[in-house]
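What follows is protein-v6.cif (mmCIF, C-alpha atoms (C1' of nucleotides)).
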```cif
data_data
loop_
_atom_site.label_atom_id
_atom_site.label_comp_id
_atom_site.auth_asym_id
_atom_site.auth_seq_id
_atom_site.Cartn_x
_atom_site.Cartn_y
_atom_site.Cartn_z
CA MET N 1 -27.66 -16.11 11.06
CA GLY N 2 -25.12 -15.16 8.48
CA ASP N 3 -21.96 -13.42 9.47
CA THR N 4 -18.88 -15.11 10.82
CA SER N 5 -18.02 -13.03 13.83
CA GLY N 6 -18.50 -9.30 14.29
CA LEU N 7 -19.09 -7.95 10.86
CA GLY N 8 -15.97 -9.04 9.07
CA GLU N 9 -16.78 -11.20 6.12
CA PRO N 10 -19.63 -13.47 5.21
CA THR N 11 -18.96 -17.16 4.75
CA LEU N 12 -17.50 -18.05 1.38
CA GLU N 13 -20.68 -19.93 0.57
CA GLU N 14 -22.84 -16.97 1.54
CA GLN N 15 -20.73 -14.71 -0.58
CA ILE N 16 -21.06 -16.91 -3.64
CA ALA N 17 -24.80 -17.06 -3.13
CA ALA N 18 -24.94 -13.27 -2.97
CA TYR N 19 -22.94 -13.01 -6.18
CA GLN N 20 -25.39 -15.31 -7.90
CA ARG N 21 -28.33 -13.20 -6.78
CA GLU N 22 -26.75 -10.08 -8.26
CA PHE N 23 -25.14 -11.55 -11.35
CA GLN N 24 -27.04 -14.30 -13.08
CA ASP N 25 -24.66 -15.94 -15.49
CA LEU N 26 -22.02 -16.74 -12.94
CA ASP N 27 -20.20 -20.04 -12.58
CA PRO N 28 -20.26 -20.80 -8.85
CA GLN N 29 -17.43 -23.32 -9.17
CA VAL N 30 -15.12 -20.75 -10.67
CA GLU N 31 -16.11 -18.03 -8.26
CA LYS N 32 -15.60 -20.31 -5.30
CA ILE N 33 -12.05 -21.10 -6.35
CA VAL N 34 -11.12 -17.53 -7.15
CA ASN N 35 -12.56 -16.08 -3.98
CA ALA N 36 -11.01 -18.78 -1.85
CA LEU N 37 -7.61 -18.04 -3.38
CA SER N 38 -7.98 -14.37 -2.65
CA ARG N 39 -9.09 -14.85 0.93
CA LEU N 40 -6.46 -17.45 1.63
CA ASN N 41 -3.76 -15.10 0.52
CA ARG N 42 -5.07 -12.35 2.71
CA ARG N 43 -5.03 -14.53 5.76
CA MET N 44 -1.60 -15.83 4.94
CA ASN N 45 -0.21 -12.34 4.67
CA VAL N 46 -1.75 -11.43 7.98
CA ALA N 47 -0.13 -14.45 9.57
CA TYR N 48 3.24 -13.70 8.01
CA GLY N 49 2.88 -10.09 9.14
CA ARG N 50 2.40 -11.16 12.74
CA GLN N 51 5.45 -13.35 12.59
CA THR N 52 7.74 -10.78 11.03
CA ALA N 53 6.50 -8.17 13.51
CA GLU N 54 7.45 -10.58 16.25
CA LEU N 55 10.97 -10.51 14.87
CA GLY N 56 11.05 -6.74 14.73
CA ILE N 57 10.83 -6.47 10.94
CA THR N 58 8.06 -6.03 8.38
CA ASN N 59 6.78 -8.19 5.56
CA ALA N 60 8.43 -5.68 3.23
CA ASP N 61 11.80 -6.31 4.85
CA TRP N 62 11.23 -10.01 4.64
CA GLU N 63 10.56 -9.87 0.91
CA VAL N 64 13.92 -8.21 0.37
CA LEU N 65 15.68 -10.72 2.58
CA LYS N 66 14.07 -13.57 0.67
CA ALA N 67 15.16 -12.20 -2.68
CA LEU N 68 18.74 -11.78 -1.50
CA VAL N 69 18.98 -15.21 0.06
CA LEU N 70 17.44 -16.87 -2.97
CA SER N 71 19.98 -15.16 -5.20
CA GLY N 72 22.53 -17.42 -3.49
CA ALA N 73 25.94 -16.60 -2.05
CA PRO N 74 27.40 -14.00 -1.84
CA TYR N 75 23.88 -12.62 -1.42
CA ARG N 76 24.29 -9.48 -3.47
CA MET N 77 21.90 -7.76 -5.85
CA GLY N 78 21.45 -4.36 -7.42
CA PRO N 79 18.54 -2.17 -6.31
CA GLY N 80 17.13 -2.29 -9.81
CA ASP N 81 17.05 -6.08 -9.92
CA LEU N 82 15.56 -6.18 -6.45
CA ALA N 83 12.87 -3.75 -7.51
CA LYS N 84 11.98 -5.87 -10.54
CA ARG N 85 11.96 -8.99 -8.44
CA LEU N 86 9.61 -7.48 -5.86
CA GLY N 87 7.42 -5.53 -8.24
CA LEU N 88 8.36 -2.13 -6.86
CA THR N 89 9.52 1.06 -8.51
CA PRO N 90 13.22 1.83 -8.18
CA ALA N 91 12.25 4.84 -6.12
CA ALA N 92 10.51 2.71 -3.54
CA MET N 93 13.49 0.39 -3.49
CA THR N 94 15.84 3.24 -2.68
CA HIS N 95 13.85 4.13 0.41
CA ARG N 96 13.33 0.56 1.48
CA ILE N 97 17.05 -0.05 1.31
CA ASP N 98 17.70 3.14 3.26
CA ARG N 99 15.58 1.80 6.05
CA MET N 100 17.03 -1.67 5.97
CA VAL N 101 20.55 -0.28 6.09
CA THR N 102 19.76 1.61 9.29
CA GLU N 103 18.28 -1.60 10.66
CA GLY N 104 21.51 -3.39 9.88
CA LEU N 105 19.88 -5.98 7.62
CA VAL N 106 21.79 -5.04 4.47
CA ASN N 107 24.80 -3.00 3.34
CA ARG N 108 24.85 -0.62 0.41
CA GLU N 109 28.07 -0.22 -1.54
CA ARG N 110 29.01 1.29 -4.86
CA ASP N 111 30.19 -1.12 -7.52
CA GLU N 112 33.78 -0.07 -8.16
CA THR N 113 33.88 -1.60 -11.64
CA ASN N 114 30.87 0.46 -12.69
CA ARG N 115 30.39 3.42 -10.46
CA VAL N 116 26.80 4.05 -11.47
CA ARG N 117 25.82 0.72 -10.01
CA VAL N 118 25.01 -0.03 -6.41
CA ILE N 119 25.32 -3.34 -4.63
CA VAL N 120 22.98 -4.38 -1.86
CA GLU N 121 24.49 -7.08 0.28
CA LEU N 122 22.90 -9.14 2.99
CA THR N 123 24.53 -8.73 6.39
CA SER N 124 24.96 -11.69 8.68
CA ALA N 125 22.29 -10.15 10.89
CA GLY N 126 20.01 -10.02 7.87
CA ARG N 127 20.71 -13.63 7.07
CA GLU N 128 19.92 -14.58 10.63
CA LYS N 129 16.62 -12.68 10.53
CA TRP N 130 15.69 -14.46 7.35
CA LEU N 131 16.42 -17.78 8.99
CA GLU N 132 14.27 -16.99 12.00
CA ALA N 133 11.43 -15.80 9.78
CA MET N 134 11.75 -18.94 7.73
CA ARG N 135 11.50 -21.13 10.82
CA LEU N 136 8.31 -19.40 11.92
CA ALA N 137 6.87 -19.41 8.42
CA THR N 138 7.37 -23.12 7.86
CA VAL N 139 5.62 -23.92 11.11
CA PHE N 140 2.63 -21.85 10.08
CA GLU N 141 2.60 -23.33 6.59
CA GLU N 142 2.73 -26.87 7.85
CA ASP N 143 -0.12 -26.06 10.20
CA LEU N 144 -2.13 -24.54 7.38
CA LEU N 145 -1.86 -27.69 5.30
CA GLN N 146 -2.34 -30.02 8.23
CA ASP N 147 -5.68 -31.37 7.05
CA LEU N 148 -4.37 -32.33 3.62
CA ALA N 149 -3.31 -35.90 2.98
CA PRO N 150 0.02 -36.39 1.20
CA ASP N 151 -1.58 -37.22 -2.13
CA GLU N 152 -3.86 -34.21 -1.82
CA ARG N 153 -0.82 -32.01 -1.36
CA VAL N 154 0.78 -33.38 -4.47
CA THR N 155 -2.36 -32.86 -6.49
CA LEU N 156 -2.89 -29.37 -5.15
CA GLY N 157 0.68 -28.40 -5.92
CA GLU N 158 0.38 -29.75 -9.41
CA VAL N 159 -2.91 -27.98 -10.13
CA LEU N 160 -1.73 -24.65 -8.78
CA THR N 161 1.45 -24.90 -10.82
CA ARG N 162 -0.67 -25.45 -13.88
CA LEU N 163 -2.72 -22.35 -13.16
CA LEU N 164 0.42 -20.38 -12.51
CA ARG N 165 1.97 -21.47 -15.75
CA ARG N 166 -1.09 -20.31 -17.59
CA VAL N 167 -1.20 -16.87 -16.04
CA GLU N 168 2.54 -16.28 -16.08
CA HIS N 169 2.69 -17.22 -19.71
CA ALA N 170 -0.21 -14.90 -20.48
CA GLN N 171 1.48 -11.96 -18.72
CA PRO N 172 5.16 -12.33 -19.66
CA ASP N 173 6.23 -10.38 -16.60
CA ALA N 174 4.25 -7.23 -17.21
CA GLY N 175 7.28 -5.50 -18.66
CA GLY N 176 8.58 -5.03 -15.17
CA ARG N 177 6.14 -3.32 -12.86
CA LEU N 178 3.58 -5.45 -11.06
CA SER N 179 1.59 -2.75 -9.37
CA ASP N 180 -2.00 -2.37 -8.28
CA LEU N 181 -1.75 -5.16 -5.77
CA ASP N 182 -4.41 -4.68 -3.15
CA MET V 1 19.92 -20.61 -18.07
CA GLY V 2 17.53 -19.96 -15.28
CA ASP V 3 15.40 -16.87 -15.35
CA THR V 4 12.03 -16.63 -17.00
CA SER V 5 12.29 -13.45 -18.99
CA GLY V 6 14.28 -10.33 -18.15
CA LEU V 7 15.01 -10.68 -14.49
CA GLY V 8 11.57 -10.90 -13.04
CA GLU V 9 11.17 -14.10 -11.13
CA PRO V 10 12.76 -17.51 -11.31
CA THR V 11 10.61 -20.48 -12.14
CA LEU V 12 8.63 -21.84 -9.22
CA GLU V 13 10.69 -25.01 -9.38
CA GLU V 14 13.94 -23.07 -9.38
CA GLN V 15 12.78 -21.05 -6.44
CA ILE V 16 11.92 -24.13 -4.40
CA ALA V 17 15.31 -25.61 -5.24
CA ALA V 18 17.01 -22.43 -4.04
CA TYR V 19 15.05 -22.54 -0.81
CA GLN V 20 16.20 -26.08 -0.21
CA ARG V 21 19.82 -25.11 -0.75
CA GLU V 22 19.53 -22.37 1.87
CA PHE V 23 17.23 -24.05 4.36
CA GLN V 24 17.70 -27.76 4.83
CA ASP V 25 14.66 -29.01 6.68
CA LEU V 26 12.13 -27.69 4.22
CA ASP V 27 9.15 -29.57 2.86
CA PRO V 28 9.20 -28.91 -0.88
CA GLN V 29 5.57 -29.97 -1.27
CA VAL V 30 4.39 -27.41 1.24
CA GLU V 31 6.60 -24.69 -0.11
CA LYS V 32 5.44 -25.31 -3.64
CA ILE V 33 1.82 -24.90 -2.67
CA VAL V 34 2.37 -21.82 -0.58
CA ASN V 35 4.53 -20.05 -3.12
CA ALA V 36 2.18 -20.92 -5.95
CA LEU V 37 -0.72 -19.45 -3.98
CA SER V 38 1.19 -16.29 -3.40
CA ARG V 39 2.28 -15.85 -6.99
CA LEU V 40 -1.13 -16.70 -8.36
CA ASN V 41 -2.71 -14.03 -6.26
CA ARG V 42 -0.20 -11.48 -7.43
CA ARG V 43 -0.90 -12.19 -11.04
CA MET V 44 -4.62 -12.16 -10.47
CA ASN V 45 -4.48 -8.76 -8.86
CA VAL V 46 -2.44 -7.42 -11.74
CA ALA V 47 -5.02 -8.75 -14.16
CA TYR V 48 -7.90 -7.28 -12.18
CA GLY V 49 -6.00 -4.01 -11.97
CA ARG V 50 -5.73 -3.80 -15.73
CA GLN V 51 -9.40 -4.45 -16.14
CA THR V 52 -10.55 -1.91 -13.60
CA ALA V 53 -8.17 0.66 -15.07
CA GLU V 54 -9.79 0.00 -18.41
CA LEU V 55 -13.09 1.01 -16.82
CA GLY V 56 -11.62 4.17 -15.32
CA ILE V 57 -11.61 2.94 -11.73
CA THR V 58 -9.10 1.28 -9.40
CA ASN V 59 -9.05 -2.06 -7.64
CA ALA V 60 -9.70 -0.09 -4.46
CA ASP V 61 -12.90 1.32 -5.91
CA TRP V 62 -13.90 -2.09 -7.07
CA GLU V 63 -13.55 -3.56 -3.61
CA VAL V 64 -15.97 -1.00 -2.25
CA LEU V 65 -18.43 -1.59 -5.07
CA LYS V 66 -18.27 -5.34 -4.42
CA ALA V 67 -18.98 -4.93 -0.74
CA LEU V 68 -21.97 -2.69 -1.40
CA VAL V 69 -23.47 -4.94 -4.07
CA LEU V 70 -22.97 -8.04 -1.95
CA SER V 71 -24.76 -6.36 0.93
CA GLY V 72 -27.88 -6.61 -1.26
CA ALA V 73 -30.54 -4.01 -2.06
CA PRO V 74 -30.77 -1.16 -1.19
CA TYR V 75 -26.96 -1.28 -1.36
CA ARG V 76 -26.24 0.82 1.70
CA MET V 77 -23.54 0.43 4.33
CA GLY V 78 -21.88 2.57 6.96
CA PRO V 79 -18.23 3.57 6.52
CA GLY V 80 -17.29 1.62 9.59
CA ASP V 81 -18.78 -1.61 8.33
CA LEU V 82 -17.19 -1.05 4.95
CA ALA V 83 -13.83 -0.49 6.60
CA LYS V 84 -14.13 -3.73 8.58
CA ARG V 85 -15.22 -5.60 5.51
CA LEU V 86 -12.26 -4.36 3.47
CA GLY V 87 -9.67 -4.46 6.21
CA LEU V 88 -9.01 -0.72 6.25
CA THR V 89 -8.92 1.82 9.03
CA PRO V 90 -11.94 4.13 9.27
CA ALA V 91 -9.60 6.96 8.34
CA ALA V 92 -8.70 5.38 5.05
CA MET V 93 -12.35 4.67 4.40
CA THR V 94 -13.23 8.32 4.81
CA HIS V 95 -10.81 9.35 2.11
CA ARG V 96 -11.75 6.55 -0.21
CA ILE V 97 -15.41 7.46 0.03
CA ASP V 98 -14.53 11.11 -0.59
CA ARG V 99 -12.93 10.13 -3.85
CA MET V 100 -15.68 7.77 -4.90
CA VAL V 101 -18.31 10.41 -4.23
CA THR V 102 -16.57 12.81 -6.59
CA GLU V 103 -16.41 9.98 -9.13
CA GLY V 104 -20.15 9.52 -8.80
CA LEU V 105 -19.91 5.88 -7.73
CA VAL V 106 -21.53 6.33 -4.32
CA ASN V 107 -23.51 8.88 -2.32
CA ARG V 108 -22.84 9.86 1.26
CA GLU V 109 -25.76 10.82 3.52
CA ARG V 110 -26.30 11.25 7.22
CA ASP V 111 -28.57 8.78 8.93
CA GLU V 112 -31.44 10.91 10.22
CA THR V 113 -32.42 8.42 12.90
CA ASN V 114 -28.95 8.53 14.40
CA ARG V 115 -27.12 11.62 13.36
CA VAL V 116 -23.67 10.34 14.22
CA ARG V 117 -24.02 7.67 11.58
CA VAL V 118 -23.30 8.00 7.88
CA ILE V 119 -24.77 5.96 5.05
CA VAL V 120 -22.82 5.13 1.91
CA GLU V 121 -25.14 4.23 -0.92
CA LEU V 122 -24.31 2.81 -4.32
CA THR V 123 -25.36 5.04 -7.21
CA SER V 124 -26.76 3.53 -10.38
CA ALA V 125 -23.53 4.52 -12.10
CA GLY V 126 -21.66 2.62 -9.41
CA ARG V 127 -23.83 -0.41 -9.90
CA GLU V 128 -23.22 -0.26 -13.62
CA LYS V 129 -19.45 -0.05 -13.10
CA TRP V 130 -19.57 -3.07 -10.84
CA LEU V 131 -21.48 -4.97 -13.50
CA GLU V 132 -18.94 -4.11 -16.20
CA ALA V 133 -16.06 -5.06 -13.93
CA MET V 134 -17.80 -8.29 -13.12
CA ARG V 135 -18.22 -9.15 -16.79
CA LEU V 136 -14.53 -8.60 -17.45
CA ALA V 137 -13.50 -10.45 -14.31
CA THR V 138 -15.51 -13.56 -15.07
CA VAL V 139 -14.01 -13.78 -18.53
CA PHE V 140 -10.52 -13.64 -17.05
CA GLU V 141 -11.37 -16.14 -14.34
CA GLU V 142 -12.84 -18.61 -16.77
CA ASP V 143 -9.75 -18.27 -18.90
CA LEU V 144 -7.51 -18.81 -15.89
CA LEU V 145 -9.21 -22.10 -15.06
CA GLN V 146 -9.50 -23.20 -18.66
CA ASP V 147 -7.12 -26.13 -18.32
CA LEU V 148 -8.98 -27.63 -15.36
CA ALA V 149 -11.46 -30.40 -15.95
CA PRO V 150 -14.83 -30.08 -14.21
CA ASP V 151 -14.00 -32.61 -11.54
CA GLU V 152 -10.66 -30.93 -10.92
CA ARG V 153 -12.48 -27.67 -10.33
CA VAL V 154 -14.74 -29.28 -7.80
CA THR V 155 -11.84 -30.86 -5.98
CA LEU V 156 -9.81 -27.66 -6.01
CA GLY V 157 -12.72 -25.65 -4.67
CA GLU V 158 -13.27 -28.16 -1.93
CA VAL V 159 -9.62 -28.29 -0.89
CA LEU V 160 -9.21 -24.52 -0.86
CA THR V 161 -12.35 -24.16 1.20
CA ARG V 162 -10.92 -26.58 3.68
CA LEU V 163 -7.71 -24.56 3.95
CA LEU V 164 -9.71 -21.39 4.31
CA ARG V 165 -11.85 -22.82 7.04
CA ARG V 166 -8.73 -23.75 8.93
CA VAL V 167 -7.09 -20.36 8.72
CA GLU V 168 -10.27 -18.34 9.24
CA HIS V 169 -11.06 -20.38 12.28
CA ALA V 170 -7.55 -19.88 13.61
CA GLN V 171 -7.72 -16.10 13.16
CA PRO V 172 -11.30 -15.25 14.17
CA ASP V 173 -11.22 -12.06 12.14
CA ALA V 174 -8.16 -10.48 13.67
CA GLY V 175 -10.31 -8.35 15.91
CA GLY V 176 -11.00 -6.10 12.99
CA ARG V 177 -7.95 -4.84 11.19
CA LEU V 178 -6.43 -7.02 8.50
CA SER V 179 -3.41 -4.95 7.63
CA ASP V 180 0.09 -5.79 6.53
CA LEU V 181 -1.04 -7.08 3.21
CA ASP V 182 1.84 -6.81 0.79
"C1'" DA K 1 -31.83 17.50 34.26
"C1'" DA K 2 -26.63 16.98 34.39
"C1'" DC K 3 -23.14 13.93 33.63
"C1'" DC K 4 -20.52 9.92 32.08
"C1'" DT K 5 -19.43 6.57 28.77
"C1'" DA K 6 -19.42 4.38 24.43
"C1'" DA K 7 -19.74 4.55 19.48
"C1'" DA K 8 -19.06 6.61 14.69
"C1'" DG K 9 -16.72 9.31 11.75
"C1'" DT K 10 -13.29 12.86 10.61
"C1'" DT K 11 -8.90 15.27 11.05
"C1'" DC K 12 -3.86 15.32 11.72
"C1'" DG K 13 0.95 13.80 11.33
"C1'" DA K 14 3.98 10.35 9.62
"C1'" DT K 15 5.22 6.59 6.40
"C1'" DG K 16 5.60 4.12 2.03
"C1'" DC K 17 4.38 3.97 -2.56
"C1'" DT K 18 4.09 5.75 -7.63
"C1'" DA K 19 5.26 8.52 -11.68
"C1'" DA K 20 8.12 11.80 -13.48
"C1'" DA K 21 12.17 14.52 -13.52
"C1'" DG K 22 17.10 14.87 -12.42
"C1'" DA K 23 22.14 13.44 -11.78
"C1'" DC K 24 25.74 10.60 -12.84
"C1'" DT K 25 28.38 7.00 -15.32
"C1'" DA K 26 29.65 4.03 -19.14
"C1'" DC K 27 29.94 3.17 -23.79
"C1'" DA K 28 29.61 3.97 -28.74
"C1'" DT K 29 30.43 7.02 -32.49
"C1'" DA K 30 32.24 10.77 -34.96
"C1'" DT B 1 38.86 13.97 -27.73
"C1'" DA B 2 34.20 15.40 -27.86
"C1'" DT B 3 29.54 14.27 -27.99
"C1'" DG B 4 25.43 11.66 -27.93
"C1'" DT B 5 22.82 8.04 -25.81
"C1'" DA B 6 21.38 4.62 -22.79
"C1'" DG B 7 21.31 2.74 -18.23
"C1'" DT B 8 21.18 3.12 -13.02
"C1'" DC B 9 19.97 5.16 -9.08
"C1'" DT B 10 18.10 9.23 -6.44
"C1'" DT B 11 15.07 13.15 -5.70
"C1'" DT B 12 10.63 15.39 -5.82
"C1'" DA B 13 5.62 15.92 -5.66
"C1'" DG B 14 1.27 13.74 -4.99
"C1'" DC B 15 -1.65 10.10 -3.10
"C1'" DA B 16 -3.27 6.29 0.00
"C1'" DT B 17 -2.73 4.35 4.24
"C1'" DC B 18 -2.14 3.90 9.37
"C1'" DG B 19 -2.34 5.23 14.34
"C1'" DA B 20 -3.89 8.49 17.40
"C1'" DA B 21 -6.37 12.51 18.81
"C1'" DC B 22 -10.66 14.91 18.32
"C1'" DT B 23 -15.86 15.98 17.53
"C1'" DT B 24 -20.39 14.81 17.70
"C1'" DT B 25 -24.26 12.09 19.07
"C1'" DA B 26 -26.82 8.40 21.74
"C1'" DG B 27 -27.98 6.31 25.79
"C1'" DG B 28 -27.58 5.11 30.42
"C1'" DT B 29 -26.88 6.72 35.54
"C1'" DT B 30 -27.43 9.47 39.39
#
```
structure tokens encoding of this file:
Amino acid sequence: MGDTSGLGEPTLEEQIAAYQREFQDLDPQVEKIVNALSRLNRRMNVAYGRQTAELGITNADWEVLKALVLSGAPYRMGPGDLAKRLGLTPAAMTHRIDRMVTEGLVNRERDETNRVRVIVELTSAGREKWLEAMRLATVFEEDLLQDLAPDERVTLGEVLTRLLRRVEHAQPDAGGRLSDLD
Amino acid sequence: MGDTSGLGEPTLEEQIAAYQREFQDLDPQVEKIVNALSRLNRRMNVAYGRQTAELGITNADWEVLKALVLSGAPYRMGPGDLAKRLGLTPAAMTHRIDRMVTEGLVNRERDETNRVRVIVELTSAGREKWLEAMRLATVFEEDLLQDLAPDERVTLGEVLTRLLRRVEHAQPDAGGRLSDLD
DNA sequence: AACCTAAAGTTCGATGCTAAAGACTACATA
DNA sequence: TATGTAGTCTTTAGCATCGAACTTTAGGTT
């Protein structure tokens, strides 16, 4: 009586109870929300990871593709901007782009108007991969929210946006780097 | 007109609009929720990372401390169980424990009743660190949810639990490894 | 008793990340 | 024109992680 399956994680409720045993002045409401958010995200990333793997790419690749597509046509960005957008160091971006170039997902060119700049451009293959990933992702996401009534979805979206506004305002973009993400 | 600050991220609303431009049959409600969840988690991890750094540890350390404390007195677990609990490979767990032993947060002993087993035990210094981290974390968490009325908190907790139940049931613990977490 | 199999943890090689140092370009100023 | 300075990317060294091979022990089977 206790664990979910093997030895993975205890139930959320069990976990909150354990926290309360070890830390008296704890607000169970708050802890429930925070821990649920954290677990949900983990599971979502696992699911996304399976889907991207199915397409022969990684979640890391997908993040880059997303940033490029969202930048709009002609789907070009500098490595520095990409790094900021994804919360990586420029060094990591260099290597990630290296890999994605060999995979044919993006091109790397020098900016001829300013030869110290580099332009990363989405290839049509990259755009196609993004599209496939997007199709899989939306199916999963719709399935995830299946049990939520339309008005519940609206409310949830509104509440989460409010939380986000609070935390994004409190950390005005961390000066760039967004590291230490477990 | 558009970006938040420097070049970090667009507004959530802007991002959803961009998605709709590039991908027609998209449910904006769903996408709003999913993207808000993802961003929220990112910001939370950054915040936790700052707090743990302030205490001279890392988020990685903190995860181990949490697992040990939640296991209850006498705060002992095997590396394998810890690895499963945290979604790491046993190899990674070995190195993490190495580091935490030198930091005085845990002890490593052999189980004398079964000499192939190892026991990781929380030290009192480790317990104290967990307590300090917990105090900082709860302050942040309370601040994060400040704008939510009591009944909103209850509803949010309930809805998130429902989502979690759905996704945890769908992925009955991934057979162990929970990798590919960006 | 000798052997086989399974389980637990560590070691090894490769990958991706960070922080810091380096190389190159553009632009302002003297 | 020469020089300083800031900005952009790459390179380097160190660390954490993964997957796979390896070591040791426990427990069952013949």
Specify as a tab-separated table (two decimals) with C-alpha atoms, in the frame of the given file all residues of chain V found within 8 Å of chain K, counting all atoms listed in the file.
```tsv
chain	number	residue	atom	x	y	z
V	79	PRO	CA	-18.23	3.57	6.52
V	80	GLY	CA	-17.29	1.62	9.59
V	90	PRO	CA	-11.94	4.13	9.27
V	91	ALA	CA	-9.60	6.96	8.34
V	94	THR	CA	-13.23	8.32	4.81
V	116	VAL	CA	-23.67	10.34	14.22
V	117	ARG	CA	-24.02	7.67	11.58
V	118	VAL	CA	-23.30	8.00	7.88
```
On this structure, the PyMOL selection byres ((chain B) within 9 of (chain V)) would catch which residues? List them as a PyMOL selection string, sorted by chain and number. chain B and resi 16-18+24-26
So which residues touch Leu68 (chain N) within 8 Å, counting all atoms listed in the file, skipping near sequence neighbours fewer than 3 positions away, as a list in words?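 In the requested format, the answer is Val64, Leu65, Ser71, Gly72, Tyr75, Arg76, Met77, Glu121 and Leu122 of chain N.
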What is the CA of Gln29 (chain V) to CA of Lys129 (chain N) distance in Å? 23.7 Å
V:Leu40, V:Val101, V:Leu136, V:Ala73 ranked by distance to chain N, top pick (using only C-alpha atoms):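 The closest residue to chain N is V:Leu40.
Taking CA of Ala18 (chain N) and CA of His169 (chain V) as endpoints, the distance between them is 21.8 Å.
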Determine the residue membership of the PyMOL selection byres ((chain N and resi 157-164) around 7) for the file above and supply it as a ChimeraX atom specification. /N:153-156,165-168 /V:29,32-33,36,40,144-145
Enumerate, as JSON, numbers by chain, the residues matched when the PyMOL selection byres ((chain N and resi 139) around 12) is run on the file above. {"N": [47, 48, 51, 132, 133, 134, 135, 136, 137, 138, 140, 141, 142, 143, 144, 145, 146], "V": [25, 26, 27, 30, 31]}
Interatomic distance (Å, one decimal) between CA of Arg21 (chain V) and CA of Glu109 (chain N):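 For CA of Arg21 (chain V) relative to CA of Glu109 (chain N), the distance reads 26.2 Å.
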